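One file, entry-v8.cif, carrying mmCIF, C-alpha atoms and all ligand atoms:
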```cif
data_input
#
loop_
_atom_site.label_atom_id
_atom_site.label_comp_id
_atom_site.auth_asym_id
_atom_site.auth_seq_id
_atom_site.Cartn_x
_atom_site.Cartn_y
_atom_site.Cartn_z
CA VAL V 1 -12.46 -32.59 195.61
CA LYS V 2 -16.18 -33.40 195.63
CA LEU V 3 -16.94 -29.69 195.06
CA ARG V 4 -15.12 -29.66 191.74
CA SER V 5 -17.18 -32.63 190.56
CA ILE V 6 -20.50 -30.77 191.03
CA PRO V 7 -21.64 -29.14 187.76
CA LYS V 8 -21.84 -25.35 187.67
CA GLU V 9 -22.39 -22.65 185.07
CA SER V 10 -19.77 -19.96 184.37
CA PHE V 11 -21.45 -16.65 185.15
CA LEU V 12 -18.44 -14.97 186.80
CA PHE V 13 -15.59 -12.98 185.20
CA GLY V 14 -13.16 -15.19 187.14
CA PRO V 15 -11.97 -14.77 190.75
CA SER V 16 -13.60 -11.64 192.18
CA PRO V 17 -11.01 -8.92 192.87
CA ILE V 18 -9.39 -8.44 196.28
CA GLN V 19 -8.87 -4.74 197.01
CA SER V 20 -6.85 -3.08 199.77
CA LEU V 21 -8.79 -0.33 201.62
CA PRO V 22 -5.96 1.87 202.91
CA ARG V 23 -8.00 4.95 203.86
CA LEU V 24 -10.69 2.96 205.67
CA SER V 25 -7.94 0.96 207.42
CA LYS V 26 -6.29 4.21 208.53
CA VAL V 27 -9.55 5.58 209.97
CA LEU V 28 -10.42 2.37 211.82
CA SER V 29 -6.92 1.30 212.86
CA PRO V 30 -4.70 4.45 212.96
CA ASP V 31 -1.71 2.50 214.30
CA GLY V 32 -1.93 0.12 211.36
CA GLY V 33 -2.63 -2.83 213.65
CA VAL V 34 -5.50 -4.05 211.49
CA LYS V 35 -5.38 -4.10 207.70
CA ILE V 36 -8.72 -4.08 205.87
CA TYR V 37 -9.33 -5.45 202.38
CA ALA V 38 -12.50 -6.24 200.41
CA LYS V 39 -13.27 -9.13 198.10
CA ARG V 40 -15.53 -7.57 195.52
CA ASP V 41 -18.29 -10.04 194.71
CA ASP V 42 -20.31 -6.96 193.79
CA CYS V 43 -17.99 -6.79 190.73
CA ASN V 44 -17.93 -10.52 189.98
CA SER V 45 -20.02 -10.78 186.81
CA GLY V 46 -21.26 -8.98 183.72
CA LEU V 47 -24.80 -10.22 184.39
CA ALA V 48 -26.80 -7.19 185.57
CA TYR V 49 -24.40 -5.97 188.27
CA GLY V 50 -23.47 -9.46 189.52
CA GLY V 51 -23.36 -10.06 193.27
CA ASN V 52 -23.49 -12.99 195.66
CA LYS V 53 -26.59 -14.56 194.15
CA VAL V 54 -24.93 -14.94 190.72
CA ARG V 55 -22.18 -16.96 192.41
CA LYS V 56 -24.73 -19.23 194.09
CA LEU V 57 -26.90 -19.55 190.98
CA GLU V 58 -24.03 -21.07 188.97
CA TYR V 59 -24.89 -24.34 190.75
CA LEU V 60 -28.68 -24.01 190.72
CA VAL V 61 -28.92 -23.12 187.02
CA ALA V 62 -26.72 -26.10 186.14
CA ASP V 63 -29.19 -28.24 188.10
CA ALA V 64 -32.18 -26.59 186.40
CA LYS V 65 -30.68 -27.31 182.99
CA LYS V 66 -29.97 -30.92 183.97
CA GLN V 67 -33.68 -31.25 184.80
CA GLY V 68 -34.70 -29.68 181.49
CA CYS V 69 -36.37 -26.69 183.14
CA ASP V 70 -37.08 -23.56 181.08
CA THR V 71 -38.21 -21.07 183.75
CA LEU V 72 -36.67 -19.98 187.05
CA VAL V 73 -39.23 -19.04 189.72
CA SER V 74 -38.18 -17.18 192.85
CA VAL V 75 -39.15 -14.66 195.51
CA GLY V 76 -37.87 -11.54 197.26
CA GLY V 77 -38.80 -8.09 198.40
CA VAL V 78 -39.65 -5.30 195.95
CA GLN V 79 -35.97 -4.24 195.81
CA SER V 80 -34.57 -7.78 195.98
CA ASN V 81 -31.08 -8.19 194.52
CA HIS V 82 -31.74 -11.92 194.42
CA THR V 83 -34.75 -11.77 192.09
CA ARG V 84 -32.83 -9.37 189.83
CA ALA V 85 -29.96 -11.89 189.73
CA VAL V 86 -32.37 -14.78 189.04
CA THR V 87 -33.82 -12.80 186.12
CA ALA V 88 -30.30 -12.04 184.86
CA VAL V 89 -28.97 -15.60 184.93
CA ALA V 90 -32.22 -16.95 183.46
CA THR V 91 -32.14 -14.44 180.61
CA ALA V 92 -28.45 -15.05 179.91
CA SER V 93 -29.15 -18.80 179.86
CA GLY V 94 -32.04 -18.50 177.42
CA MET V 95 -34.56 -19.27 180.15
CA LYS V 96 -37.55 -17.32 181.47
CA ALA V 97 -37.88 -15.84 184.96
CA VAL V 98 -40.96 -15.37 187.15
CA THR V 99 -40.25 -13.41 190.31
CA VAL V 100 -42.70 -12.89 193.16
CA GLN V 101 -41.86 -9.56 194.81
CA GLU V 102 -43.41 -9.06 198.21
CA LYS V 103 -43.81 -6.21 200.65
CA TRP V 104 -40.83 -7.26 202.78
CA VAL V 105 -40.11 -3.65 203.75
CA PRO V 106 -43.00 -1.61 205.21
CA ILE V 107 -42.00 1.70 203.56
CA ASP V 108 -43.02 3.42 200.34
CA PRO V 109 -40.41 6.09 199.45
CA PRO V 110 -40.55 7.72 195.99
CA LEU V 111 -40.14 5.28 193.08
CA TYR V 112 -39.55 2.36 195.47
CA ASP V 113 -41.29 -0.10 193.12
CA LYS V 114 -40.14 1.62 189.92
CA THR V 115 -36.36 1.99 190.18
CA GLY V 116 -33.29 -0.03 191.23
CA ASN V 117 -33.46 -3.81 191.10
CA ILE V 118 -37.10 -4.10 190.03
CA LEU V 119 -36.45 -1.74 187.09
CA LEU V 120 -33.57 -3.99 186.02
CA SER V 121 -35.73 -7.13 186.21
CA ARG V 122 -38.39 -5.49 184.07
CA LEU V 123 -35.77 -4.22 181.59
CA MET V 124 -34.52 -7.80 181.22
CA GLY V 125 -38.04 -8.98 180.43
CA GLY V 126 -38.70 -10.70 183.75
CA ASP V 127 -42.28 -11.63 184.71
CA VAL V 128 -42.43 -9.52 187.89
CA ARG V 129 -45.42 -10.25 190.15
CA LEU V 130 -46.00 -7.92 193.11
CA ASN V 131 -47.97 -8.89 196.24
CA GLN V 132 -48.42 -7.58 199.76
CA GLU V 133 -46.95 -10.54 201.70
CA GLY V 134 -44.50 -9.65 204.48
CA PHE V 135 -40.82 -10.54 205.04
CA HIS V 136 -39.67 -14.03 205.94
CA ILE V 137 -36.57 -15.94 204.85
CA GLY V 138 -38.50 -19.21 204.44
CA HIS V 139 -40.53 -20.69 201.58
CA LYS V 140 -43.50 -18.56 200.50
CA GLU V 141 -46.98 -19.67 199.35
CA ALA V 142 -47.04 -17.24 196.42
CA THR V 143 -44.08 -18.98 194.78
CA LYS V 144 -46.08 -22.22 194.71
CA GLU V 145 -48.85 -20.42 192.83
CA ALA V 146 -46.26 -19.01 190.44
CA MET V 147 -44.82 -22.49 189.85
CA ASP V 148 -48.33 -23.83 189.13
CA SER V 149 -49.02 -20.99 186.69
CA VAL V 150 -45.84 -21.76 184.74
CA LYS V 151 -46.85 -25.42 184.51
CA ALA V 152 -50.40 -24.46 183.47
CA ASN V 153 -48.82 -22.57 180.56
CA GLY V 154 -46.79 -25.59 179.48
CA GLY V 155 -43.54 -24.40 181.04
CA LYS V 156 -41.11 -26.45 183.17
CA PRO V 157 -40.36 -24.33 186.24
CA TYR V 158 -37.37 -24.63 188.63
CA TYR V 159 -37.97 -23.29 192.14
CA VAL V 160 -35.25 -21.06 193.59
CA PRO V 161 -35.93 -20.24 197.27
CA ALA V 162 -35.34 -16.78 198.72
CA GLY V 163 -31.70 -15.88 198.33
CA ALA V 164 -31.04 -19.27 196.69
CA SER V 165 -30.34 -20.34 200.26
CA ASP V 166 -32.57 -23.09 201.65
CA HIS V 167 -31.72 -25.43 198.78
CA GLU V 168 -29.47 -28.53 198.65
CA LEU V 169 -26.97 -26.66 196.44
CA GLY V 170 -27.36 -23.24 198.11
CA GLY V 171 -24.15 -23.33 200.15
CA LEU V 172 -21.81 -24.43 197.34
CA GLY V 173 -21.19 -21.00 195.81
CA PHE V 174 -19.60 -19.61 198.94
CA THR V 175 -17.82 -22.80 199.83
CA ASN V 176 -16.16 -22.40 196.43
CA PHE V 177 -15.50 -18.73 197.30
CA VAL V 178 -13.08 -19.93 200.03
CA VAL V 179 -11.24 -22.19 197.57
CA GLU V 180 -10.95 -19.21 195.20
CA LEU V 181 -9.79 -16.95 198.06
CA ALA V 182 -7.06 -19.40 199.12
CA GLU V 183 -5.67 -19.42 195.58
CA GLN V 184 -5.59 -15.61 195.54
CA GLU V 185 -3.97 -15.49 198.99
CA ALA V 186 -1.18 -17.79 197.80
CA SER V 187 -0.31 -15.45 194.95
CA MET V 188 -0.65 -12.36 197.21
CA ASN V 189 1.30 -14.03 200.03
CA ILE V 190 -1.29 -12.97 202.62
CA PHE V 191 -3.82 -14.74 204.88
CA PHE V 192 -7.17 -13.19 205.82
CA ASP V 193 -7.79 -14.48 209.33
CA THR V 194 -11.20 -12.79 209.65
CA LEU V 195 -14.00 -12.51 207.08
CA ILE V 196 -16.98 -10.19 207.64
CA VAL V 197 -20.17 -11.08 205.74
CA CYS V 198 -23.78 -9.90 205.72
CA SER V 199 -26.24 -12.66 206.62
CA VAL V 200 -30.00 -12.80 205.87
CA THR V 201 -31.18 -16.04 204.17
CA GLY V 202 -27.83 -17.44 205.23
CA SER V 203 -26.18 -19.45 202.45
CA SER V 204 -23.40 -16.93 201.73
CA HIS V 205 -22.42 -17.07 205.42
CA ALA V 206 -22.99 -20.85 205.61
CA GLY V 207 -20.86 -21.57 202.54
CA LEU V 208 -17.98 -19.51 203.95
CA ILE V 209 -18.20 -21.46 207.22
CA VAL V 210 -18.02 -24.81 205.39
CA GLY V 211 -15.05 -23.62 203.33
CA ALA V 212 -13.25 -22.30 206.39
CA VAL V 213 -13.80 -25.44 208.49
CA ALA V 214 -12.80 -27.70 205.58
CA GLU V 215 -9.52 -25.86 204.91
CA GLY V 216 -8.64 -26.00 208.62
CA LYS V 217 -6.58 -22.80 208.76
CA GLY V 218 -8.50 -21.25 211.68
CA ARG V 219 -10.12 -18.60 209.48
CA LYS V 220 -12.87 -16.81 211.41
CA ILE V 221 -16.17 -16.05 209.65
CA ILE V 222 -18.24 -13.32 211.31
CA GLY V 223 -21.79 -12.99 210.02
CA ILE V 224 -23.55 -9.67 210.53
CA ASP V 225 -27.32 -10.16 210.75
CA ALA V 226 -29.39 -7.89 208.48
CA SER V 227 -32.62 -9.92 208.65
CA GLY V 228 -33.73 -8.37 211.94
CA LYS V 229 -34.75 -11.94 212.82
CA PRO V 230 -31.38 -13.33 213.96
CA VAL V 231 -32.82 -16.47 215.57
CA GLU V 232 -34.29 -17.61 212.25
CA THR V 233 -31.22 -16.54 210.30
CA LYS V 234 -28.78 -18.29 212.64
CA ALA V 235 -30.86 -21.49 212.52
CA GLN V 236 -30.93 -21.36 208.70
CA VAL V 237 -27.16 -20.68 208.53
CA SER V 238 -26.51 -23.67 210.79
CA ARG V 239 -28.82 -25.94 208.79
CA ILE V 240 -27.37 -24.93 205.41
CA ALA V 241 -23.78 -25.23 206.69
CA ARG V 242 -24.36 -28.76 207.99
CA ASN V 243 -26.30 -29.87 204.91
CA THR V 244 -23.58 -28.49 202.62
CA ALA V 245 -20.82 -30.15 204.67
CA ALA V 246 -22.68 -33.48 204.54
CA LEU V 247 -23.07 -33.16 200.76
CA LEU V 248 -19.32 -32.57 200.29
CA ASP V 249 -17.78 -34.80 202.95
CA PRO V 250 -19.87 -36.81 205.45
CA LYS V 251 -16.93 -36.67 207.89
CA LEU V 252 -16.88 -32.83 207.89
CA GLU V 253 -18.20 -31.64 211.27
CA ILE V 254 -19.29 -27.99 211.66
CA PRO V 255 -18.75 -27.00 215.32
CA ASP V 256 -21.17 -24.50 216.88
CA SER V 257 -18.14 -22.26 217.54
CA ALA V 258 -17.73 -21.78 213.76
CA ILE V 259 -21.22 -20.26 213.49
CA ILE V 260 -20.89 -16.62 214.58
CA LEU V 261 -23.75 -14.16 213.97
CA ASP V 262 -23.46 -10.62 215.34
CA GLU V 263 -26.97 -9.34 216.01
CA ARG V 264 -26.08 -5.73 216.87
CA PHE V 265 -26.38 -4.08 213.44
CA HIS V 266 -29.75 -5.00 211.88
CA GLU V 267 -31.24 -1.84 213.45
CA GLY V 268 -34.37 -3.72 214.50
CA ILE V 269 -35.85 -4.41 211.10
CA TYR V 270 -34.96 -5.87 207.70
CA GLY V 271 -34.65 -3.46 204.81
CA ILE V 272 -34.61 -0.13 206.61
CA PRO V 273 -31.34 1.71 207.35
CA GLY V 274 -30.85 3.39 210.72
CA PRO V 275 -28.18 5.85 211.89
CA SER V 276 -25.38 3.27 212.17
CA THR V 277 -26.08 1.95 208.67
CA ILE V 278 -26.13 5.42 207.09
CA ALA V 279 -22.98 6.43 208.97
CA ALA V 280 -21.15 3.25 207.88
CA MET V 281 -22.19 3.75 204.26
CA LYS V 282 -20.81 7.29 204.35
CA THR V 283 -17.55 6.19 206.02
CA ALA V 284 -16.90 3.56 203.34
CA ALA V 285 -17.92 5.91 200.51
CA GLN V 286 -15.87 8.82 201.85
CA THR V 287 -12.66 6.89 202.51
CA ASP V 288 -12.07 4.43 199.64
CA ALA V 289 -15.18 5.19 197.55
CA VAL V 290 -16.65 1.79 198.41
CA ILE V 291 -20.38 1.92 197.73
CA THR V 292 -22.67 -0.16 199.94
CA ASP V 293 -26.45 -0.40 200.15
CA PRO V 294 -28.89 0.47 202.96
CA VAL V 295 -30.46 -3.02 203.25
CA TYR V 296 -27.46 -5.37 203.41
CA GLU V 297 -23.85 -4.24 202.98
CA GLY V 298 -24.36 -0.96 204.85
CA LYS V 299 -25.24 -3.06 207.89
CA SER V 300 -22.29 -5.47 207.53
CA MET V 301 -20.01 -2.46 206.98
CA ALA V 302 -21.34 -1.01 210.25
CA GLY V 303 -20.51 -4.33 211.86
CA MET V 304 -16.95 -4.38 210.57
CA ILE V 305 -16.35 -0.78 211.61
CA GLN V 306 -17.54 -1.45 215.16
CA LEU V 307 -15.68 -4.76 215.51
CA VAL V 308 -12.39 -3.12 214.51
CA LYS V 309 -12.99 -0.02 216.65
CA GLU V 310 -13.89 -2.01 219.78
CA GLY V 311 -10.78 -4.15 219.44
CA ALA V 312 -12.71 -7.37 218.85
CA ILE V 313 -10.33 -7.92 215.95
CA LYS V 314 -6.79 -8.29 217.32
CA PRO V 315 -3.80 -6.25 216.11
CA GLY V 316 -1.95 -7.94 213.28
CA SER V 317 -5.18 -9.15 211.71
CA ASN V 318 -5.90 -8.99 208.00
CA VAL V 319 -9.66 -8.49 207.71
CA LEU V 320 -11.54 -9.29 204.50
CA TYR V 321 -14.83 -7.50 203.97
CA VAL V 322 -16.93 -9.77 201.74
CA HIS V 323 -18.81 -7.32 199.54
CA LEU V 324 -21.89 -9.13 198.20
CA GLY V 325 -23.42 -6.35 196.06
CA GLY V 326 -26.73 -4.52 196.53
CA GLN V 327 -25.90 -1.08 195.12
CA PRO V 328 -28.81 -0.86 192.63
CA ALA V 329 -31.28 -0.67 195.52
CA LEU V 330 -29.64 2.59 196.66
CA ASN V 331 -31.74 4.40 194.07
CA ALA V 332 -34.92 3.35 195.85
CA TYR V 333 -33.60 4.81 199.12
CA SER V 334 -32.40 8.20 197.88
CA SER V 335 -34.85 9.91 200.27
CA TYR V 336 -32.72 8.61 203.19
CA PHE V 337 -29.72 10.60 201.95
CA GLU V 338 -31.23 14.02 201.38
C1 LIG C 401 -26.43 -7.40 198.56
C2 LIG C 401 -26.72 -8.54 199.50
N1 LIG C 401 -25.86 -8.78 200.52
C3 LIG C 401 -26.09 -9.77 201.40
C4 LIG C 401 -27.21 -10.59 201.29
C5 LIG C 401 -27.40 -11.69 202.33
O1 LIG C 401 -27.04 -12.92 201.71
P1 LIG C 401 -27.73 -14.28 202.17
O2 LIG C 401 -29.17 -14.18 201.73
O3 LIG C 401 -26.95 -15.35 201.47
O4 LIG C 401 -27.63 -14.34 203.67
C6 LIG C 401 -28.11 -10.39 200.24
C7 LIG C 401 -29.34 -11.30 200.14
N2 LIG C 401 -30.43 -10.69 199.48
C8 LIG C 401 -31.74 -11.33 199.42
C9 LIG C 401 -32.52 -10.66 198.28
O5 LIG C 401 -33.70 -10.98 198.10
O6 LIG C 401 -31.89 -9.79 197.59
C10 LIG C 401 -31.90 -12.74 199.63
C11 LIG C 401 -32.41 -11.76 200.61
C12 LIG C 401 -27.87 -9.35 199.33
O7 LIG C 401 -28.71 -9.12 198.28
#
```

For the file at hand, write its structure as structure tokens.
Ligand SMILES: Cc1ncc(COP(=O)(O)O)c(CNC2(C(=O)O)CC2)c1O
Amino acid sequence: VKLRSIPKESFLFGPSPIQSLPRLSKVLSPDGGVKIYAKRDDCNSGLAYGGNKVRKLEYLVADAKKQGCDTLVSVGGVQSNHTRAVTAVATASGMKAVTVQEKWVPIDPPLYDKTGNILLSRLMGGDVRLNQEGFHIGHKEATKEAMDSVKANGGKPYYVPAGASDHELGGLGFTNFVVELAEQEASMNIFFDTLIVCSVTGSSHAGLIVGAVAEGKGRKIIGIDASGKPVETKAQVSRIARNTAALLDPKLEIPDSAIILDERFHEGIYGIPGPSTIAAMKTAAQTDAVITDPVYEGKSMAGMIQLVKEGAIKPGSNVLYVHLGGQPALNAYSSYFE
């Protein structure tokens, strides 16, 4: 109830589509024991390829407007989907965007800082500021400088942390995702007992946990770490989940058992695909033409494939792959697919 009373923008087309993946299901569960579907948050909005950040930013942009801000300031890697989404929602809302893009991934393949997400941000007129700072999911010094520069120019900046995650409103988007999912399940007459989601700055995963615990239907949320720093990610997921629960219903307890992060698929480092990521991307693309990216969804797809294959997901399960986006960055990683 409280969730519906919190203001949000309308950046989404409506409920993101739920798609059956029959050929992938057949490959992973030949006896039909496990059925796999995807909820396509990568197709959730007309704003510059949409994705999970657009869903989260519905709440943060409403807050920015309430505060009379005119510029969104945020941070990510060179090929950040998040900073592209911040630029998109700012532009569509008649606001400006300043994005600090750091060297979160220690590689320099052809066109890495010219194509994909950063190209989109520039095309939308974003103020894109590159630096050489390394990866971390926390708050970064360079964003403070960017905030100060906006103020110095008479602007009123609104700070959006990495991934729109470590923010009071960061978990609401994906808590609302579960409400939306339940409505779709009712009309489809199905229940997805297991959700698989990529986890890095953690508020997509955290929001799903809050939604699942609040609805009390025993829905299992399995986060697949892609940060390569699972201790930090798990701590941030836990913190965001508990802060979001407290915001919505002080009596809502998030048990440790609800916070599941599988650390086997990050391939040792954020932002670089390894063999299992590339193989998973090809499996998804070559069964149901589901396109994933080498930084995020390719790693959660690898996680889902392994979890189904090893029998960690019991027969009779309906598994929902939560597709959060990321495809534009593929163009910066073409050298990995030659
Ligand atoms: C396509 C895609 N899938 C999953 C995730 C992980 O989501 P969380 O950050 O909410 O854990 C991202 C995040 N991306 C970040 C970015 O800067 O793009 C915040 C890290 C993502 O873009």

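Note that the spacing between atom CA of V:His139 and atom CA of V:Lys114 amounts to 25.2 Å.
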
Residue nearest V:Gly173 - candidates V:Pro157, V:Gly202, V:Gly138, V:Gly207, atoms counted: only C-alpha atoms: V:Gly207

Protein and nucleic acid residues within 7 Å of ligand LIG 401 (chain C) (all atoms listed in the file) as a VMD selection string: chain V and resid 51 to 52 76 to 77 80 to 83 162 to 163 165 198 to 205 296 to 297 324 to 326

Residues as selected, C-alpha atoms, written as a compact mmCIF listing (two decimals), in the coordinates of the input, can you do that?
```txt
# COMPACT_ATOMS: atom_id res chain seq x y z
CA GLY V 51 -23.36 -10.06 193.27
CA ASN V 52 -23.49 -12.99 195.66
CA GLY V 76 -37.87 -11.54 197.26
CA GLY V 77 -38.80 -8.09 198.40
CA SER V 80 -34.57 -7.78 195.98
CA ASN V 81 -31.08 -8.19 194.52
CA HIS V 82 -31.74 -11.92 194.42
CA THR V 83 -34.75 -11.77 192.09
CA ALA V 162 -35.34 -16.78 198.72
CA GLY V 163 -31.70 -15.88 198.33
CA SER V 165 -30.34 -20.34 200.26
CA CYS V 198 -23.78 -9.90 205.72
CA SER V 199 -26.24 -12.66 206.62
CA VAL V 200 -30.00 -12.80 205.87
CA THR V 201 -31.18 -16.04 204.17
CA GLY V 202 -27.83 -17.44 205.23
CA SER V 203 -26.18 -19.45 202.45
CA SER V 204 -23.40 -16.93 201.73
CA HIS V 205 -22.42 -17.07 205.42
CA TYR V 296 -27.46 -5.37 203.41
CA GLU V 297 -23.85 -4.24 202.98
CA LEU V 324 -21.89 -9.13 198.20
CA GLY V 325 -23.42 -6.35 196.06
CA GLY V 326 -26.73 -4.52 196.53
```

Ref. answer, residues at most 6 Å from (-28.1, -23.5, 206.7) with only C-alpha atoms, as JSON, numbers by chain: {"V": [206, 236, 237, 238, 239, 240, 241]}

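You will find atom CA of V:Lys8 at 28.6 Å from atom CA of V:Leu261.
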
Non-local contacts of V:Ser10 (12 Å; all atoms listed in the file; under 6 positions in same chain excluded) as a PyMOL selection string: chain V and resi 44-47+54-62+89+92-93+173

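Separating atom CA of V:Leu12 from atom CA of V:Gly155 is a distance of 27.4 Å.
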
Residues near V:Gly134, cut-off 12 Å, all atoms listed in the file, skip fewer than 4 positions along chain, as a VMD selection string: chain V and resid 75 to 78 100 to 107 130 138 140 to 142 270 to 271

Protein and nucleic acid residues near (-5.2, -12.5, 196.2) (cut-off 10 Å, only C-alpha atoms) as a ChimeraX atom specification: /V:15-19,39,180-192

Nearest residue to V:Met147 from the set V:Asp262, V:Asp70, V:Asp31, V:Asp42 (distances using all atoms listed in the file): V:Asp70

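Minimum atom-to-atom distances from V:Val1, V:Ala246, V:Pro22, V:Glu9 to V:Ala284 were compared using only C-alpha atoms, and the lowest value belongs to V:Pro22.
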
With stretch 272-278 of chain V as the partner and 12 Å as the cut-off, tabulate the residues of stretch 172-232 of chain V that qualify, each row holding the nearest pair of atoms and their distance in Å to one decimal, using all atoms listed in the file, sorted by chain and rising number, as CSV.
```
residue,atom,partner,partner_atom,distance
V:Ala226,CA,V:Ile272,CA,9.5
V:Ser227,CA,V:Ile272,CA,10.2
V:Gly228,CA,V:Ile272,CA,9.9
```

Output C-alpha atoms for every residue in that selection, as a short mmCIF file (atom, residue, chain, number, x, y, z; two decimals), in the coordinates of the input.
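Saved as selection_34.cif:
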```
data_model
loop_
_atom_site.label_atom_id
_atom_site.label_comp_id
_atom_site.auth_asym_id
_atom_site.auth_seq_id
_atom_site.Cartn_x
_atom_site.Cartn_y
_atom_site.Cartn_z
CA ALA V 226 -29.39 -7.89 208.48
CA SER V 227 -32.62 -9.92 208.65
CA GLY V 228 -33.73 -8.37 211.94
#
```

Which of V:Gln132, V:Thr244, V:Ser149, V:Asn117 sits closest to V:Val213 [using all atoms listed in the file]: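 Smallest separation from V:Val213 among the options: V:Thr244.
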
Which residue of V:Ser74, V:Ile36, V:Arg84, V:Gly303 approaches V:Thr115 most closely, using all atoms listed in the file: V:Arg84

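Remark: for V:Asn153, the closest of the candidate residues V:Gly223, V:Ala289, V:Ile313, V:Thr71 is V:Thr71 (distances computed over all atoms listed in the file).
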
Contacts of V:Lys2 within 10 Å, only C-alpha atoms, excl. fewer than 2 positions in-chain, as a ChimeraX atom specification: /V:4-6,247-249

Spatial neighbours of V:Lys220, 12 Å, all atoms listed in the file, chain gap at least 3 places, as a list in words: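 Those residues are Val178, Phe191, Phe192, Asp193, Thr194, Leu195, Ile196, Val197, His205, Leu208, Ile209, Val210, Gly211, Ala212, Val213, Glu215, Gly216, Lys217, Gly223, Ser257, Ala258, Ile259, Ile260, Leu261, Ile313, Ser317, Asn318, Val319 and Leu320 of chain V.
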
Distance query V:Val73 at most 8 Å, all atoms listed in the file, self and fewer than 5 positions along chain excluded, as a PyMOL selection string: chain V and resi 97-100+143+146-147+157-160

What would stretch 87-99 of chain V look like with N, CA, C and O atoms in place, written as a PDB file, in the coordinates of the input?
```pdb
ATOM      1  N   THR V  87     -33.374 -13.240 187.454  1.00  0.00           N
ATOM      2  CA  THR V  87     -33.820 -12.800 186.120  1.00  0.00           C
ATOM      3  C   THR V  87     -32.623 -12.696 185.170  1.00  0.00           C
ATOM      4  O   THR V  87     -32.692 -13.116 184.008  1.00  0.00           O
ATOM      5  N   ALA V  88     -31.504 -12.208 185.690  1.00  0.00           N
ATOM      6  CA  ALA V  88     -30.300 -12.040 184.860  1.00  0.00           C
ATOM      7  C   ALA V  88     -29.739 -13.379 184.393  1.00  0.00           C
ATOM      8  O   ALA V  88     -29.467 -13.571 183.201  1.00  0.00           O
ATOM      9  N   VAL V  89     -29.575 -14.315 185.313  1.00  0.00           N
ATOM     10  CA  VAL V  89     -28.970 -15.600 184.930  1.00  0.00           C
ATOM     11  C   VAL V  89     -29.938 -16.412 184.062  1.00  0.00           C
ATOM     12  O   VAL V  89     -29.525 -17.123 183.146  1.00  0.00           O
ATOM     13  N   ALA V  90     -31.245 -16.252 184.309  1.00  0.00           N
ATOM     14  CA  ALA V  90     -32.220 -16.950 183.460  1.00  0.00           C
ATOM     15  C   ALA V  90     -32.118 -16.412 182.028  1.00  0.00           C
ATOM     16  O   ALA V  90     -31.948 -17.163 181.065  1.00  0.00           O
ATOM     17  N   THR V  91     -32.191 -15.083 181.928  1.00  0.00           N
ATOM     18  CA  THR V  91     -32.140 -14.440 180.610  1.00  0.00           C
ATOM     19  C   THR V  91     -30.875 -14.835 179.870  1.00  0.00           C
ATOM     20  O   THR V  91     -30.912 -15.258 178.707  1.00  0.00           O
ATOM     21  N   ALA V  92     -29.744 -14.751 180.553  1.00  0.00           N
ATOM     22  CA  ALA V  92     -28.450 -15.050 179.910  1.00  0.00           C
ATOM     23  C   ALA V  92     -28.342 -16.527 179.528  1.00  0.00           C
ATOM     24  O   ALA V  92     -27.514 -16.896 178.698  1.00  0.00           O
ATOM     25  N   SER V  93     -29.187 -17.368 180.160  1.00  0.00           N
ATOM     26  CA  SER V  93     -29.150 -18.800 179.860  1.00  0.00           C
ATOM     27  C   SER V  93     -30.257 -19.210 178.903  1.00  0.00           C
ATOM     28  O   SER V  93     -30.516 -20.401 178.706  1.00  0.00           O
ATOM     29  N   GLY V  94     -30.961 -18.192 178.358  1.00  0.00           N
ATOM     30  CA  GLY V  94     -32.040 -18.500 177.420  1.00  0.00           C
ATOM     31  C   GLY V  94     -33.276 -19.074 178.089  1.00  0.00           C
ATOM     32  O   GLY V  94     -34.089 -19.738 177.462  1.00  0.00           O
ATOM     33  N   MET V  95     -33.392 -18.802 179.394  1.00  0.00           N
ATOM     34  CA  MET V  95     -34.560 -19.270 180.150  1.00  0.00           C
ATOM     35  C   MET V  95     -35.451 -18.075 180.511  1.00  0.00           C
ATOM     36  O   MET V  95     -35.051 -16.918 180.319  1.00  0.00           O
ATOM     37  N   LYS V  96     -36.663 -18.383 180.999  1.00  0.00           N
ATOM     38  CA  LYS V  96     -37.550 -17.320 181.470  1.00  0.00           C
ATOM     39  C   LYS V  96     -37.408 -17.189 182.986  1.00  0.00           C
ATOM     40  O   LYS V  96     -36.867 -18.082 183.642  1.00  0.00           O
ATOM     41  N   ALA V  97     -37.907 -16.041 183.516  1.00  0.00           N
ATOM     42  CA  ALA V  97     -37.880 -15.840 184.960  1.00  0.00           C
ATOM     43  C   ALA V  97     -39.234 -15.305 185.409  1.00  0.00           C
ATOM     44  O   ALA V  97     -39.772 -14.375 184.784  1.00  0.00           O
ATOM     45  N   VAL V  98     -39.767 -15.906 186.479  1.00  0.00           N
ATOM     46  CA  VAL V  98     -40.960 -15.370 187.150  1.00  0.00           C
ATOM     47  C   VAL V  98     -40.549 -15.048 188.579  1.00  0.00           C
ATOM     48  O   VAL V  98     -40.067 -15.932 189.297  1.00  0.00           O
ATOM     49  N   THR V  99     -40.678 -13.786 188.966  1.00  0.00           N
ATOM     50  CA  THR V  99     -40.250 -13.410 190.310  1.00  0.00           C
ATOM     51  C   THR V  99     -41.418 -12.808 191.089  1.00  0.00           C
ATOM     52  O   THR V  99     -42.033 -11.832 190.650  1.00  0.00           O
TER      53      THR V  99
END
```
